[in-house]
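Participant: File structure-v1.cif below, mmCIF, C-alpha atoms and all ligand atoms:
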```
data_final
#
loop_
_atom_site.label_atom_id
_atom_site.label_comp_id
_atom_site.auth_asym_id
_atom_site.auth_seq_id
_atom_site.Cartn_x
_atom_site.Cartn_y
_atom_site.Cartn_z
CA MET A 1 -18.18 -9.16 21.47
CA GLN A 2 -15.06 -8.81 19.31
CA GLY A 3 -14.97 -8.28 15.58
CA ILE A 4 -12.80 -7.17 12.69
CA VAL A 5 -13.56 -4.08 10.64
CA ILE A 6 -14.19 -5.12 7.03
CA GLY A 7 -14.71 -1.62 5.70
CA GLY A 8 -16.71 1.50 6.18
CA SER A 9 -16.94 5.22 5.96
CA LYS A 10 -16.49 7.96 8.50
CA ASN A 11 -19.53 6.97 10.54
CA ILE A 12 -20.66 3.46 9.73
CA PHE A 13 -18.43 0.39 9.69
CA SER A 14 -19.03 -3.20 8.65
CA VAL A 15 -17.76 -5.39 11.45
CA GLU A 16 -17.43 -9.14 11.06
CA CYS A 17 -18.16 -10.34 14.58
CA ASP A 18 -17.01 -13.45 16.43
CA ASP A 19 -20.48 -15.02 16.00
CA ASN A 20 -19.96 -14.80 12.20
CA VAL A 21 -22.55 -12.07 11.80
CA THR A 22 -21.43 -8.96 9.94
CA ARG A 23 -23.01 -5.93 11.58
CA GLN A 24 -23.26 -2.35 10.46
CA CYS A 25 -21.91 -0.42 13.41
CA THR A 26 -21.72 3.17 14.53
CA ILE A 27 -19.25 4.36 17.13
CA LYS A 28 -20.78 4.63 20.57
CA GLY A 29 -20.61 8.21 21.78
CA LYS A 30 -19.45 9.16 18.23
CA LYS A 31 -15.75 9.12 19.15
CA LEU A 32 -13.28 6.44 20.10
CA LYS A 33 -11.24 7.37 23.14
CA THR A 34 -7.87 6.36 21.75
CA GLU A 35 -7.65 7.86 18.29
CA ASP A 36 -8.34 11.37 17.22
CA ARG A 37 -5.33 12.36 15.15
CA PHE A 38 -6.54 10.37 12.14
CA TYR A 39 -8.81 11.53 9.36
CA ASN A 40 -10.78 8.29 9.71
CA PRO A 41 -11.13 6.62 13.11
CA LEU A 42 -10.98 3.02 11.90
CA ALA A 43 -9.56 1.07 8.97
CA ALA A 44 -10.15 -2.34 7.46
CA GLY A 45 -8.26 -4.82 9.62
CA ASP A 46 -8.95 -3.09 12.93
CA PHE A 47 -10.15 -5.26 15.82
CA VAL A 48 -12.97 -3.70 17.80
CA ASN A 49 -15.34 -4.55 20.63
CA ILE A 50 -18.97 -4.09 19.84
CA GLU A 51 -22.38 -4.22 21.50
CA PRO A 52 -24.95 -5.88 19.23
CA ASP A 53 -28.21 -3.98 18.85
CA GLU A 54 -30.93 -5.55 21.00
CA LYS A 55 -33.65 -5.15 18.41
CA ASN A 56 -31.80 -5.65 15.11
CA ASN A 57 -29.07 -8.28 15.03
CA GLU A 58 -27.54 -6.74 11.90
CA LEU A 59 -26.65 -3.56 13.73
CA GLY A 60 -24.33 -2.71 16.58
CA GLN A 61 -22.23 -0.12 18.31
CA ILE A 62 -18.46 -0.02 18.51
CA ILE A 63 -17.34 0.48 22.09
CA SER A 64 -13.56 0.28 21.81
CA LEU A 65 -10.59 -0.41 19.57
CA GLU A 66 -8.06 -3.13 20.36
CA PRO A 67 -4.43 -1.94 20.21
CA ARG A 68 -3.11 -2.08 16.62
CA LYS A 69 -0.18 -4.31 15.71
CA ASN A 70 0.55 -1.81 12.93
CA ALA A 71 -1.15 0.67 10.64
CA PHE A 72 -0.48 1.75 7.07
CA VAL A 73 -1.25 5.43 6.61
CA ARG A 74 -0.73 8.30 4.22
CA TRP A 75 -1.12 12.01 4.77
CA ASN A 76 -4.48 13.18 3.47
CA VAL A 77 -3.80 16.63 2.04
CA LYS A 78 -7.41 17.74 1.76
CA GLY A 79 -8.35 16.38 5.19
CA ARG A 80 -5.10 17.73 6.72
CA ALA A 81 -4.66 14.59 8.77
CA PRO A 82 -3.14 11.14 8.45
CA GLN A 83 -5.51 8.69 6.83
CA LEU A 84 -5.55 5.05 7.85
CA LEU A 85 -5.46 2.73 4.83
CA ALA A 86 -5.27 -0.60 6.64
CA ALA A 87 -4.45 -2.01 10.05
CA ASN A 88 -2.91 -5.21 11.44
CA VAL A 89 -1.41 -6.49 8.20
CA ASP A 90 1.50 -8.82 7.48
CA ARG A 91 2.61 -7.23 4.22
CA ILE A 92 2.06 -4.24 2.01
CA PHE A 93 1.98 -4.90 -1.71
CA CYS A 94 3.01 -1.70 -3.47
CA VAL A 95 1.28 -2.19 -6.79
CA THR A 96 2.77 -0.56 -9.86
CA THR A 97 2.74 -1.01 -13.65
CA PRO A 98 5.27 -0.48 -16.46
CA ASP A 99 2.61 1.66 -18.18
CA GLU A 100 -1.11 2.53 -18.17
CA PRO A 101 -1.01 4.49 -15.90
CA PRO A 102 2.52 5.83 -16.55
CA PHE A 103 5.24 4.32 -14.35
CA ARG A 104 5.92 6.52 -11.33
CA PRO A 105 8.90 5.21 -9.37
CA ARG A 106 8.82 7.94 -6.72
CA PHE A 107 5.26 6.98 -5.85
CA VAL A 108 6.56 3.47 -5.16
CA ASP A 109 9.57 4.82 -3.23
CA ARG A 110 7.20 6.76 -0.96
CA MET A 111 5.04 3.70 -0.31
CA LEU A 112 8.18 1.70 0.51
CA ILE A 113 9.29 4.39 2.97
CA GLN A 114 5.90 4.54 4.68
CA ALA A 115 5.79 0.74 4.92
CA ASP A 116 9.26 0.63 6.49
CA ALA A 117 8.28 3.42 8.89
CA ALA A 118 5.30 1.33 9.99
CA ASN A 119 7.51 -1.73 10.33
CA ILE A 120 5.51 -3.65 7.77
CA GLU A 121 7.29 -5.68 5.11
CA PRO A 122 6.76 -4.15 1.67
CA VAL A 123 6.62 -6.14 -1.54
CA ILE A 124 6.68 -4.51 -4.97
CA LEU A 125 3.98 -5.98 -7.16
CA CYS A 126 4.40 -5.03 -10.79
CA ASN A 127 1.17 -5.75 -12.66
CA LYS A 128 0.44 -5.52 -16.41
CA CYS A 129 3.64 -7.33 -17.36
CA ASP A 130 1.86 -8.24 -20.59
CA LEU A 131 2.58 -4.65 -21.69
CA PRO A 132 5.93 -3.74 -23.27
CA ILE A 133 8.46 -2.71 -20.62
CA ASP A 134 10.56 0.34 -21.36
CA SER A 135 14.29 0.01 -20.58
CA ASP A 136 14.11 2.82 -17.96
CA VAL A 137 11.30 0.98 -16.17
CA ASP A 138 13.17 -2.28 -16.39
CA PHE A 139 16.21 -0.63 -14.81
CA ARG A 140 14.19 0.71 -11.88
CA LEU A 141 12.50 -2.64 -11.25
CA ALA A 142 15.87 -4.41 -11.31
CA GLU A 143 17.33 -1.73 -9.03
CA TRP A 144 14.68 -2.31 -6.33
CA GLU A 145 15.47 -6.01 -6.48
CA ARG A 146 19.21 -5.37 -6.32
CA ILE A 147 18.87 -3.35 -3.11
CA GLY A 148 16.84 -6.08 -1.47
CA TYR A 149 13.15 -5.45 -2.01
CA THR A 150 10.99 -8.43 -2.87
CA MET A 151 9.62 -8.02 -6.37
CA ILE A 152 6.87 -9.94 -8.02
CA LYS A 153 5.80 -9.48 -11.63
CA VAL A 154 2.32 -10.47 -12.70
CA SER A 155 -0.36 -9.88 -15.26
CA ALA A 156 -3.96 -10.03 -14.14
CA LYS A 157 -4.77 -10.14 -17.84
CA THR A 158 -2.74 -13.19 -18.86
CA GLY A 159 -2.40 -14.85 -15.44
CA GLU A 160 1.39 -14.73 -15.54
CA GLY A 161 2.98 -14.81 -12.07
CA MET A 162 -0.36 -15.23 -10.31
CA SER A 163 0.49 -18.64 -8.78
CA GLN A 164 3.62 -17.22 -7.26
CA LEU A 165 1.61 -14.30 -5.87
CA ALA A 166 -1.09 -16.60 -4.48
CA THR A 167 1.57 -18.65 -2.70
CA MET A 168 2.97 -15.50 -1.07
CA LEU A 169 -0.48 -14.39 0.06
CA GLU A 170 -1.67 -17.68 1.54
CA GLY A 171 -2.51 -17.56 5.23
CA LYS A 172 -1.55 -13.90 5.55
CA ARG A 173 -3.30 -10.55 5.68
CA SER A 174 -2.00 -8.25 2.96
CA VAL A 175 -2.89 -4.83 1.67
CA PHE A 176 -2.84 -3.76 -1.98
CA ALA A 177 -1.93 -0.11 -2.39
CA GLY A 178 -1.00 2.02 -5.37
CA GLN A 179 -2.12 4.50 -7.97
CA SER A 180 -5.57 4.30 -9.42
CA GLY A 181 -5.78 2.00 -12.42
CA VAL A 182 -2.75 -0.22 -11.72
CA GLY A 183 -5.11 -3.18 -11.39
CA LYS A 184 -5.38 -3.85 -7.65
CA SER A 185 -9.01 -4.97 -7.85
CA SER A 186 -8.38 -6.88 -11.09
CA ILE A 187 -5.72 -8.94 -9.29
CA VAL A 188 -8.13 -9.76 -6.45
CA ASN A 189 -10.66 -10.98 -9.02
CA VAL A 190 -8.11 -13.32 -10.58
CA LEU A 191 -7.01 -14.75 -7.22
CA ASP A 192 -10.55 -15.81 -6.28
CA SER A 193 -12.99 -16.16 -9.14
CA SER A 194 -15.98 -16.08 -6.77
CA VAL A 195 -15.10 -12.46 -5.98
CA VAL A 196 -16.17 -9.92 -8.56
CA LEU A 197 -14.91 -6.46 -7.69
CA LYS A 198 -15.67 -3.50 -9.83
CA THR A 199 -12.78 -2.54 -12.07
CA GLY A 200 -12.55 0.46 -14.32
CA SER A 201 -10.96 1.35 -17.60
CA LEU A 202 -8.30 4.04 -17.57
CA SER A 203 -9.63 7.49 -18.10
CA GLU A 204 -8.66 8.57 -21.61
CA LYS A 205 -8.42 12.11 -20.46
CA TYR A 206 -5.87 11.71 -17.72
CA GLY A 207 -4.46 8.29 -18.45
CA ARG A 208 -4.50 7.83 -14.71
CA GLY A 209 -7.42 5.60 -13.88
CA THR A 210 -10.72 6.74 -12.55
CA HIS A 211 -10.75 5.77 -8.86
CA THR A 212 -13.02 2.78 -9.29
CA THR A 213 -12.57 1.46 -5.75
CA THR A 214 -13.80 4.10 -3.33
CA ARG A 215 -13.27 2.44 0.06
CA GLY A 216 -10.71 0.17 1.65
CA MET A 217 -12.25 -3.26 2.09
CA LEU A 218 -11.10 -6.55 3.60
CA TYR A 219 -11.80 -9.74 1.64
CA HIS A 220 -11.40 -13.32 2.81
CA LEU A 221 -10.25 -14.95 -0.42
CA ARG A 222 -10.44 -18.62 -1.30
CA LEU A 223 -7.48 -18.84 -3.61
CA ASN A 224 -8.36 -20.56 -6.87
CA GLU A 225 -7.08 -24.15 -6.80
CA SER A 226 -5.65 -23.67 -10.30
CA LEU A 227 -3.19 -21.20 -8.71
CA MET A 228 -2.30 -23.60 -5.89
CA ASP A 229 -1.29 -26.68 -7.90
CA GLY A 230 -4.80 -28.09 -7.59
CA ARG A 231 -4.86 -27.76 -3.80
CA MET A 232 -8.23 -26.65 -2.43
CA GLY A 233 -8.97 -24.63 0.69
CA ALA A 234 -6.11 -22.13 0.56
CA THR A 235 -7.18 -18.76 1.92
CA ALA A 236 -5.79 -15.24 2.10
CA ASP A 237 -7.00 -11.96 3.56
CA ILE A 238 -6.59 -8.99 1.24
CA ILE A 239 -7.38 -5.36 1.92
CA ASP A 240 -8.06 -3.67 -1.42
CA THR A 241 -7.59 0.08 -1.13
CA PRO A 242 -8.77 2.92 -3.35
CA GLY A 243 -6.09 4.26 -5.65
CA VAL A 244 -4.72 7.58 -4.59
CA ARG A 245 -3.44 10.26 -6.89
CA ARG A 246 -0.71 11.32 -4.52
CA PHE A 247 0.94 9.28 -1.84
CA VAL A 248 2.07 11.86 0.71
CA LEU A 249 4.23 10.68 3.59
CA ASP A 250 3.07 10.96 7.17
CA GLY A 251 5.17 11.46 10.27
CA ILE A 252 8.65 11.26 8.72
CA ASP A 253 11.17 14.06 9.28
CA ALA A 254 13.06 15.43 6.28
CA ASP A 255 16.31 14.73 8.12
CA ASP A 256 15.42 11.07 8.60
CA ILE A 257 14.29 10.36 5.07
CA ILE A 258 17.73 9.17 3.97
CA LEU A 259 17.61 6.39 6.55
CA TYR A 260 14.66 4.83 4.70
CA PHE A 261 16.71 4.40 1.54
CA ARG A 262 17.98 0.93 2.36
CA GLU A 263 21.08 1.08 0.19
CA ILE A 264 22.07 4.57 1.40
CA ALA A 265 21.37 4.18 5.12
CA PRO A 266 24.45 2.04 5.94
CA ILE A 267 26.75 4.72 4.44
CA VAL A 268 25.19 7.65 6.33
CA GLY A 269 27.44 8.61 9.21
CA THR A 270 30.63 7.43 7.50
CA CYS A 271 31.14 10.80 5.75
CA THR A 272 34.05 13.00 6.85
CA PHE A 273 31.57 15.36 8.49
CA GLY A 274 29.67 12.47 10.05
CA MET A 275 26.00 12.94 10.73
CA SER A 276 26.20 16.66 9.97
CA CYS A 277 27.02 15.97 6.30
CA THR A 278 24.20 17.19 4.07
CA HIS A 279 25.23 14.94 1.14
CA THR A 280 25.06 17.89 -1.25
CA LYS A 281 28.61 19.11 -1.88
CA GLU A 282 30.88 18.21 1.04
CA ALA A 283 34.34 16.82 0.39
CA GLY A 284 34.57 13.37 1.91
CA CYS A 285 30.87 12.68 1.47
CA ARG A 286 30.73 8.92 1.19
CA VAL A 287 27.18 9.02 -0.10
CA LEU A 288 28.07 11.20 -3.09
CA GLU A 289 31.14 9.04 -3.68
CA ALA A 290 28.92 5.97 -3.77
CA VAL A 291 26.61 7.69 -6.28
CA HIS A 292 29.58 8.55 -8.51
CA ALA A 293 30.87 5.01 -8.23
CA GLY A 294 27.46 3.62 -9.21
CA VAL A 295 26.99 1.80 -5.88
CA ILE A 296 23.94 3.98 -5.29
CA SER A 297 21.96 4.63 -8.47
CA GLU A 298 21.53 8.24 -9.57
CA GLU A 299 17.82 7.59 -9.90
CA ARG A 300 17.38 6.53 -6.30
CA PHE A 301 19.60 9.36 -5.05
CA GLU A 302 17.50 11.84 -7.00
CA SER A 303 14.37 10.25 -5.58
CA TYR A 304 15.80 10.78 -2.07
CA GLU A 305 16.60 14.43 -2.82
CA ARG A 306 13.20 15.12 -4.26
CA ILE A 307 11.22 13.41 -1.52
CA LYS A 308 13.26 15.30 1.08
CA GLU A 309 12.47 18.52 -0.76
CA GLU A 310 8.79 17.63 -0.85
CA ILE A 311 8.74 17.20 2.92
CA LEU A 312 10.57 20.49 3.48
CA THR A 313 8.41 22.54 1.12
CA GLY A 314 5.12 20.69 1.54
CA ASN A 315 4.90 20.83 -2.24
CA TRP A 316 4.18 17.21 -3.19
CA LYS A 317 4.35 16.16 -6.80
CA ASP A 318 2.34 13.39 -8.38
N1 LIG B 1 -3.07 -4.82 -19.94
C1 LIG B 1 -3.48 -5.08 -18.70
N2 LIG B 1 -4.52 -4.40 -18.18
C2 LIG B 1 -4.91 -4.67 -16.92
C3 LIG B 1 -4.25 -5.65 -16.13
N3 LIG B 1 -4.83 -5.68 -14.91
C4 LIG B 1 -5.81 -4.76 -14.94
N4 LIG B 1 -5.88 -4.16 -16.14
C5 LIG B 1 -6.83 -3.10 -16.55
O1 LIG B 1 -6.52 -1.92 -15.81
C6 LIG B 1 -7.72 -1.18 -15.57
C7 LIG B 1 -7.80 -0.77 -14.11
O2 LIG B 1 -7.97 -1.92 -13.31
P1 LIG B 1 -8.57 -1.84 -11.80
O3 LIG B 1 -8.46 -3.23 -11.27
O4 LIG B 1 -9.88 -1.18 -11.76
O5 LIG B 1 -7.47 -0.90 -11.11
P2 LIG B 1 -7.40 -0.45 -9.56
O6 LIG B 1 -5.96 -0.39 -9.20
O7 LIG B 1 -8.25 -1.31 -8.71
O8 LIG B 1 -7.98 1.05 -9.64
P3 LIG B 1 -8.71 1.91 -8.47
O9 LIG B 1 -9.79 1.08 -7.88
O10 LIG B 1 -9.22 3.13 -9.18
O11 LIG B 1 -7.63 2.25 -7.49
C8 LIG B 1 -8.86 -2.07 -16.04
O12 LIG B 1 -9.24 -1.62 -17.32
C9 LIG B 1 -8.25 -3.43 -16.14
O13 LIG B 1 -8.88 -4.23 -17.10
C10 LIG B 1 -3.15 -6.37 -16.72
O14 LIG B 1 -2.51 -7.23 -16.13
N5 LIG B 1 -2.82 -6.02 -18.00
MG MG B 2 -9.83 -0.89 -7.44
#
```
Write out the structure in this file as C-alpha cells.
Facilitator:
Amino acid sequence: MQGIVIGGSKNIFSVECDDNVTRQCTIKGKKLKTEDRFYNPLAAGDFVNIEPDEKNNELGQIISLEPRKNAFVRWNVKGRAPQLLAANVDRIFCVTTPDEPPFRPRFVDRMLIQADAANIEPVILCNKCDLPIDSDVDFRLAEWERIGYTMIKVSAKTGEGMSQLATMLEGKRSVFAGQSGVGKSSIVNVLDSSVVLKTGSLSEKYGRGTHTTTRGMLYHLRLNESLMDGRMGATADIIDTPGVRRFVLDGIDADDIILYFREIAPIVGTCTFGMSCTHTKEAGCRVLEAVHAGVISEERFESYERIKEEILTGNWKD
C-alpha cells in the first residue's frame, strides 16, 4: 500500500495511507535501500510503500521509498550529514521578518540558493509587516524583487496579505522554512482556523525565537473562506518546518556559488579573463564593474563573497 509521510523522527514515521488510515510506521529492516547519505531517512512529503501490521491497523512497516521529485535539504552541522527538510514540494517559502528576530538577509540568500539547487521555485515570504520596517531592510526586500524573486508581504497578526498568500498556496504543496520565531506556524494557523499549531514567544535572552516547532510536519489545510473571497473548499498542503539557527548549504561547490546569484550569473564568463576570473581585483572584471555601476548591489555581492568564504572555510555564521 502507498502512503505519504506526514512527519516523524529518526525511527517512527506517520504515514497517511491510501486507505485514509494514518499509521505509525517503522522502517522494515531498519534501513531503506536507497538512502543512506542523509541524517534522516525520510521527510514529510515522501511517498512510501508500506505493509500494514496484521494485528494493529494503526501500525505498519515501510518497505520502500518512491523516487523523489525533489528534496529540500540543509547541511546538519552536528549530525555531519545533509538533513531532509521536505520532499516532493512545488514551492519553498523562505520566511523572514523585518525584525523580531533580527532581519538576516544572508540566511534568506542561502535558502534561495539551496532552493534553486534543488530546482524548486523559491518565494520570499516576509511576515510581521505590522512592525516598522527599517530602510536597510526595505532596500533588501526591494532588491530581491528587482532581481526577479517573488516576494509576498504578510502579517499573521493583522491578516494583511494573507488572502494573496492563500491564493498562491491553493492546490499546491509548499514548505515554510526560516529562522525560529519568524512566524511560520502562526501563518499556518491563520490560513486554516481549524488548525492550532503551537507557537512561541521570542526568547528575551537571545531575541531569536525558541524553536517551538520541533519536527517537520505536513498539513492538509482547508483555507479559510474569508481568505478566498467567500469560496469554500479550497485546500493547500503545507509542510511546516522547525526553525533552524543556521542554514548551512549542502552539496554546492564554492566555485559554483556565484551561479546561484541570479543577477550575477549572466555576467560570469564575460570578464576579460573569462571563467578563470576570480571577481576580486582583475582588470576587465565585468562583475566588479557591474557592482561599481550599481547594476549588482554591493549588499548582494558581499553576500556572495561571504557565503563563498563560508563554504571554503567551513566557518558558517548565523
Ligand atoms: N508582530 C507580529 N508577531 C508575530 C507575527 N506572526 C507571528 N508573530 C509572533 O512571533 C512569535 C513566533 O511565532 P511562531 O509561529 O511560533 O514562529 P515559528 O517560525 O513557527 O518558530 P519555530 O517553530 O521556533 O521555528 C510568536 O510570539 C507570534 O505571536 C506577526 O505577523 N506580527
Ligand atoms: Mg513553528
Participant: Work out how far apart atom CA of A:Asn57 and atom CA of A:Val21 are and give it in Å to one decimal.
Facilitator: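 Here the two named atoms are 8.2 Å from each other.
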Participant: Taking only C-alpha atoms and all ligand atoms into account, list the residues no farther than 8 Å from ligand LIG 1 (chain B), as an NGL selection string.
Facilitator: :A and (95 or 100 or 127-131 or 154-159 or 177-187 or 198-202 or 209-214 or 240-244)
Participant: Can you work out the spacing between atom CA of A:Lys172 and atom CA of A:Gly45 in Å, to one decimal?
Facilitator: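 Answer for the atom CA of A:Lys172 to atom CA of A:Gly45 separation: 12.0 Å.
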Participant: Rank nothing, just name the residue among A:Met151, A:Pro98, A:Ile239, A:Leu259 nearest to A:Asp138, using all atoms listed in the file.
Facilitator: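 Using all atoms listed in the file, the shortest distance to A:Asp138 belongs to A:Pro98.
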Participant: Which one of A:His292, A:Phe38, A:Leu197, A:Leu125 sits closest to A:Asn76 if you count all atoms listed in the file?
Facilitator: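 Among the listed residues, the smallest separation from A:Asn76 belongs to A:Phe38.
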Participant: Report, in Å to a single decimal, how far apart atom CA of A:Glu225 and atom CA of A:Ile120 are.
Facilitator: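 Separation of atom CA of A:Ile120 and atom CA of A:Glu225: 28.1 Å.
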Participant: Edge lengths and centre in Å to one decimal, as JSON, of the axis-aligned box that encloses all listed atoms of stretch 143-156 of chain A with 8 Å added on every side?
Facilitator:
```
{"center_x": 7.6, "center_y": -6.1, "center_z": -8.4, "size_x": 39.2, "size_y": 24.7, "size_z": 29.8}
```
